[in-house]
Amino acid sequence: MEKNSPDFEGILLVDKHQGCTSHDVVAHVRRILKIRAVGHAGTLDPLATGLLVILVGRATKVSQYLMSLDKVYEGELEFGKETNTQDTDGEVVKELPVPEALDRDALLGQMAKFLGDQYQTPPMFSAKKVNGVPLYKLARQGEQVEREPRFINVSKFELLGWEKPRAKFLLACSKGTYVRTICHDLGQRIGCGAYMTSLRRTQTHKFDVADAVTIAALSEMSPSAIKKILIPARDVVPSFAF
């Protein structure tokens with residue numbers, strides 16, 4: 001890294017690796033850029049990989065706008081099991097036989113029922129707070145509490161691959177959608193349970209993971225090179241007053 005790093009400001013697209021939190025990515029960017037004003041526009045669970053929109057400098061002011069944008073994911077789920085976290089990070093709590101009648105056409109028919117506006121109940125293992133306490137902390141204590149359903153929209157739910165009992169999918173959805181809960185609920189509809197085995201965010205609005213950099217690559221870049229890949233916030237929110 002060159003000495004006397006220039007001031008950084010803009011939107012940075014990061015390809016998050018599996019196992020780290022969104023907060024970890026923010027901390028890495030702060031350290032690399034030597035700047036405190038860094039945030040993100042939409043959390044990814046540690047299990048998930050892919051596009052994390054990072055906001056640097058005054059661009060943090062457009063955080064709420066960017067968080068409201070639709071997102072696209074590619075993932076995989078497995079039928080016949082349920083976990084307490086609805087993904088591979090949890091413990092298997094139920095196993096059921098996968099119906100022999102579950103073929104590609106039957107699966108597509110059930111997936112189509114998730115399209116459109118709907119209400120989704122957040123999972124217990126989530127960062128959503130009830131009375132100021134994150135749900136996951138209550139879940140770890142074995143507690144179950146009432147959760148208020150949230151309004152979401154699913155604009156695409158496509159089958160990318162099917163090899164029983166696993167399905168690969170593409171999901172385009174509104175903010176606040178828990179993809180693992182979609183997987184869980186699909187398993188409930190089919191009657192054998194399901195849990196998410198992998199997830200990758202590929203898009204947030206017009207931003208694509210193909211244009212993102214890894215933290216490892218970012219750490220090797222010079223300040224001038226980093227400035228070249230920062231997207232001006234005005235390009236995304238022209239009317240925003242800085």
# chains A, B, ... in the order shown; residues from 1 in each chain; ligands from 1
$ closest_atom_pairs --of "region 147-209 of chain A" --to "region 73-96 of chain A" --cutoff "9 Å" --atoms "only C-alpha atoms" --output "Markdown table"
| residue | atom | partner | partner_atom | distance |
| --- | --- | --- | --- | --- |
| A:Leu160 | CA | A:Glu74 | CA | 8.6 |
| A:Gly161 | CA | A:Glu76 | CA | 8.8 |
| A:Lys164 | CA | A:Phe79 | CA | 8.0 |
| A:Pro165 | CA | A:Phe79 | CA | 5.2 |
| A:Arg166 | CA | A:Glu78 | CA | 4.4 |
| A:Ala167 | CA | A:Leu77 | CA | 5.5 |
| A:Lys168 | CA | A:Glu76 | CA | 4.3 |
| A:Phe169 | CA | A:Gly75 | CA | 5.4 |
| A:Leu170 | CA | A:Glu74 | CA | 4.5 |
| A:Leu171 | CA | A:Tyr73 | CA | 5.2 |
| A:Ala172 | CA | A:Tyr73 | CA | 6.4 |
| A:Cys173 | CA | A:Tyr73 | CA | 8.4 |
| A:Val179 | CA | A:Tyr73 | CA | 8.3 |
| A:Arg180 | CA | A:Gln86 | CA | 5.6 |
| A:Thr181 | CA | A:Gln86 | CA | 6.5 |
| A:Cys183 | CA | A:Leu77 | CA | 6.5 |
| A:His184 | CA | A:Gln86 | CA | 6.0 |
| A:Gly187 | CA | A:Phe79 | CA | 6.3 |
| A:Ile190 | CA | A:Phe79 | CA | 8.9 |
| A:Gly191 | CA | A:Leu96 | CA | 8.3 |
| A:Cys192 | CA | A:Gly80 | CA | 5.0 |
| A:Gly193 | CA | A:Gly80 | CA | 5.2 |
| A:Ala194 | CA | A:Phe79 | CA | 4.2 |
| A:Tyr195 | CA | A:Gln86 | CA | 5.0 |
| A:Met196 | CA | A:Leu77 | CA | 4.2 |
| A:Thr197 | CA | A:Leu77 | CA | 5.1 |
| A:Ser198 | CA | A:Gly75 | CA | 5.2 |
| A:Leu199 | CA | A:Gly75 | CA | 4.2 |
| A:Arg200 | CA | A:Glu74 | CA | 5.3 |
| A:Arg201 | CA | A:Tyr73 | CA | 4.3 |
| A:Thr202 | CA | A:Tyr73 | CA | 5.5 |
| A:Gln203 | CA | A:Tyr73 | CA | 7.0 |
$ residues_around --residues "Met67 (chain A)" --least-positions-apart "6" --cutoff "7 Å" --atoms "only C-alpha atoms" --output "list in words"
Ala41, Gly42 and Lys175 of chain A
$ select_by_dssp --residues "region 118-234 of chain A" --states "strand (DSSP E)" --output "ChimeraX atom specification"
/A:118-120,129-130,133-134,150-163,166-173,194-204,207-208
$ residues_around --residues "region 227-238 of chain A" --least-positions-apart "6" --cutoff "6 Å" --atoms "only C-alpha atoms" --output "PDB file with C-alpha atoms, in the first residue's frame"
ATOM      1  CA  GLY A  10     -17.991   5.673  -3.171  1.00  0.00           C
ATOM      2  CA  ILE A  11     -19.503   2.228  -3.551  1.00  0.00           C
ATOM      3  CA  LEU A  12     -17.225  -0.799  -3.430  1.00  0.00           C
ATOM      4  CA  ALA A  59     -21.529   7.149   0.332  1.00  0.00           C
TER       5      ALA A  59
END
$ closest_residue --among "A:Thr49, A:Gln110, A:Ser219, A:Thr60" --to "Leu33 (chain A)" --atoms "only C-alpha atoms"
A:Ser219
$ closest_residue --among "A:Leu44, A:Ala139, A:Val25, A:Ala212" --to "Pro123 (chain A)" --atoms "only C-alpha atoms"
A:Ala139
$ closest_residue --among "A:Leu115, A:Leu52, A:Lys129, A:Asp7" --to "Val26 (chain A)" --atoms "only C-alpha atoms"
A:Leu52
$ atom_distance --atom1 "CA of Lys128 (chain A)" --atom2 "CA of Glu148 (chain A)"
10.3 Å
